[in-house]
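Data block below; observations after.
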There are 2 protein chains.
Amino acid sequence: MNALPHLASATGGLPSSVRWAQLILEDRLRPGDVAIDATMGNGHDTLFLARCVSPGGHVFAFDVQAAALEETRKRVPAEMTTLFHGGHETMCERIPAEYHGRVSAIMFNLGYLPGSDKSCITHTQTTLAALEQAIEMLRPGGVLTIAVYPGHEGGAEEGREIAKWAAQLDSRRFEVQHLRPVNRSAAPPELWAVWKTAPAKKSPAAGNSPESLPS
Amino acid sequence: MNALPHLASATGGLPSSVRWAQLILEDRLRPGDVAIDATMGNGHDTLFLARCVSPGGHVFAFDVQAAALEETRKRVPAEMTTLFHGGHETMCERIPAEYHGRVSAIMFNLGYLPGSDKSCITHTQTTLAALEQAIEMLRPGGVLTIAVYPGHEGGAEEGREIAKWAAQLDSRRFEVQHLRPVNRSAAPPELWAVWKTAPAKKSPAAGNSPESLPS
């Protein structure tokens, strides 16, 4: 009865943006699915995604820093992952064509590699190029998440550009939501979630209430 | 395997703001808890909350319109609910003192009563007065949710005032998050969630990842 709630941070509070991304994706991913970690970093999300799609699934992951691949290799099952040493803006080129339009989840966790050279950050132009590719890689019904760090150098500008990009996405093809922590003095990460629309397969789940009416 | 995800709308998309509020609260509420529906309307959320705290819990609900109480009475278990015919800004006055500071969840779903006189909308000044009372009624660890309808007459202004109110909440006492749908031509409801901080009871749940680090 008194267990911590599931949709919560480790202290029982509201989940962080990074945790919300995981909660949304782990709820949707199924064994056998294909996922992309666009910002490998130390491999935590690569491993997270691999666990979500195991057995039978696959995760493609990208990073421009060799150190990221080294760290990630220690962590993740080799047979389920393909680690690319290169920018996420090479996604379409490097992931085999048979997977294009068949990816169930893509994670972007922008900013710098923890514990490394902070001058090596994601850059807005390559990020936007990668996001354009990512939404095409998604299958209908797939979800893209983007954690943005407005507190990092360049992060506020990157956040504004992503906001513009998200706002112009075709509403017939994509649903987008933006989550941000509010009353903080620092600028904690914000989350963007993009769902690629898919035709409904079945009747609404029991217990769902009308979606768009005031009570 | 192919069942609809839990954190989803009825079409498999991202949950609406109203549905997110329910998902967050149903995950946290436990039998025996006390909850408040600050905007009874037709009683859907009163019933929702009653189900979440059953058995042994109680729901207090408010509405200024007699029609709302009539509709709600048809829907909810009388022994678990107290329906007040009056504005939510009378919350502190009307809910017995023994419950003050002991409420686990409070829902605001602003706007007008569906199917009724649209000139009878929530008003920003009384809403803000009610919100001030609501955060004091919450127990530590309790959550307040506010669905705001910027597309309704007066809703955009109400949204701006709530944004200001949320931004000034003491970050030591409250965590606040704001969720909004992005690429829509209409102005769909937005969600504010306020968690009243509580001392951690136990170690982090297994499977939770570091909360604030880029990957």
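By order in the structure tokens, chains are A, B, ...; within a chain, residues start at 1; ligands start at 1, following the order shown.
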Next item on the list: Using DSSP on the backbone coordinates, identify all residues within stretch 78-210 of chain A classified as helix (DSSP H, G or I); present the result as a ChimeraX atom specification.
Entry: /A:78-80,88-94,97-99,124-137,155-167
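Once stretch 90-105 of chain B and its same-chain neighbours fewer than 6 positions away are set aside, Leu25, Leu29, Asp33, Val34, Ala35, Ile36, Phe60, Ala130, Gln133, Ala134, Glu136, Met137, Leu138, Arg139, Pro140, Gly141, Gly142, Val143, Leu144 and Thr145 of chain B remain within 8 Å of it when counting only C-alpha atoms.
Compared by their closest atoms to chain B, and using only C-alpha atoms, the residues A:Gln65, A:Gln22, A:Thr81, A:Thr11 rank with A:Thr11 nearest.
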Next item on the list: Identify, on the basis of only C-alpha atoms, every residue whose closest approach to A:Asp63 does not exceed 7 Å; exclude the query and any residue fewer than 2 positions from it along the same chain; express the result as number ranges by chain.
Entry: A: 39-41, 65, 68, 84-88
Which residues of stretch 7-70 of chain B sit at most 8 Å from stretch 183-201 of chain B, using only C-alpha atoms? Give each one's shortest atom pair and distance in Å (one decimal place), in chain and ascending residue order, as CSV.
residue,atom,partner,partner_atom,distance
B:Ser16,CA,B:Pro189,CA,7.7
B:Ser17,CA,B:Leu191,CA,5.2
B:Val18,CA,B:Leu191,CA,7.3
B:Trp20,CA,B:Leu191,CA,7.9
B:Ala21,CA,B:Leu191,CA,7.3
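Among the candidates B:Glu89, B:Glu153, B:Asp27, B:Glu158, the one nearest to chain A when counting only C-alpha atoms is B:Asp27.
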Notebook entry, point to check: From the list B:Val176, B:Leu83, B:Val53, B:Ile162, which residue is nearest chain A when using only C-alpha atoms?
Noted result: B:Val176
Margin query: Could you go through stretch 4-212 of chain B and tell me which residues DSSP, when run on the backbone, assigns to strand (DSSP E or B), listing them as a PyMOL selection string?
Written below: chain B and resi 34-37+58-63+81-86+103-109+112+121+138-148+174-181+190-196
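Among the candidates B:Glu132, B:Glu175, B:Asp37, B:Glu79, the residue lying nearest to A:Leu14 is B:Glu175 (atoms considered: only C-alpha atoms).
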Item checked: Distance in Å - atom CA of A:Cys52 versus atom CA of A:Gly32 -> 9.1 Å
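The smallest atom-to-atom distance between A:Thr72 and any of A:Asn42, A:Ser54, A:Thr127, A:Gln168, using only C-alpha atoms, is found for A:Asn42.
The spacing separating atom CA of B:Val64 from atom CA of B:Met107 amounts to 15.8 Å.
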Checklist line | Contact residues around B:Arg75 with only C-alpha atoms at 10 Å, ignoring same-chain residues under 3 positions, as a list in words | finding: Asn42, Gly43, His44, Thr46, Leu47, Leu69, Glu70, Glu71, Thr72 and Ala78 of chain B
Residues from last step as file, N, CA, C and O atoms, as a compact mmCIF listing (two decimals), in the first residue's frame:
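result-v3.txt was written with the following content:
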# COMPACT_ATOMS: atom_id res chain seq x y z
N ASN B 42 -19.94 17.54 -14.06
CA ASN B 42 -20.89 16.44 -14.11
C ASN B 42 -20.50 15.26 -13.24
O ASN B 42 -21.14 14.21 -13.27
N GLY B 43 -19.43 15.42 -12.48
CA GLY B 43 -19.08 14.42 -11.48
C GLY B 43 -18.15 13.32 -11.95
O GLY B 43 -17.86 12.39 -11.19
N HIS B 44 -17.63 13.43 -13.17
CA HIS B 44 -16.74 12.37 -13.66
C HIS B 44 -15.49 12.25 -12.80
O HIS B 44 -15.07 11.15 -12.46
N THR B 46 -15.16 13.40 -9.71
CA THR B 46 -15.56 13.02 -8.34
C THR B 46 -15.64 11.50 -8.25
O THR B 46 -15.10 10.88 -7.31
N LEU B 47 -16.27 10.90 -9.26
CA LEU B 47 -16.37 9.44 -9.30
C LEU B 47 -14.98 8.81 -9.44
O LEU B 47 -14.65 7.83 -8.75
N LEU B 69 -24.44 19.43 -8.97
CA LEU B 69 -24.66 18.53 -7.84
C LEU B 69 -25.68 17.45 -8.19
O LEU B 69 -25.51 16.29 -7.83
N GLU B 70 -26.72 17.86 -8.91
CA GLU B 70 -27.74 16.88 -9.33
C GLU B 70 -27.14 15.78 -10.19
O GLU B 70 -27.39 14.60 -9.96
N GLU B 71 -26.36 16.20 -11.18
CA GLU B 71 -25.72 15.22 -12.08
C GLU B 71 -24.77 14.32 -11.32
O GLU B 71 -24.72 13.11 -11.53
N THR B 72 -23.99 14.93 -10.45
CA THR B 72 -22.96 14.19 -9.74
C THR B 72 -23.58 13.18 -8.78
O THR B 72 -23.11 12.04 -8.66
N ALA B 78 -22.85 7.88 -2.30
CA ALA B 78 -23.15 8.95 -1.35
C ALA B 78 -22.30 8.86 -0.08
O ALA B 78 -21.86 9.88 0.46
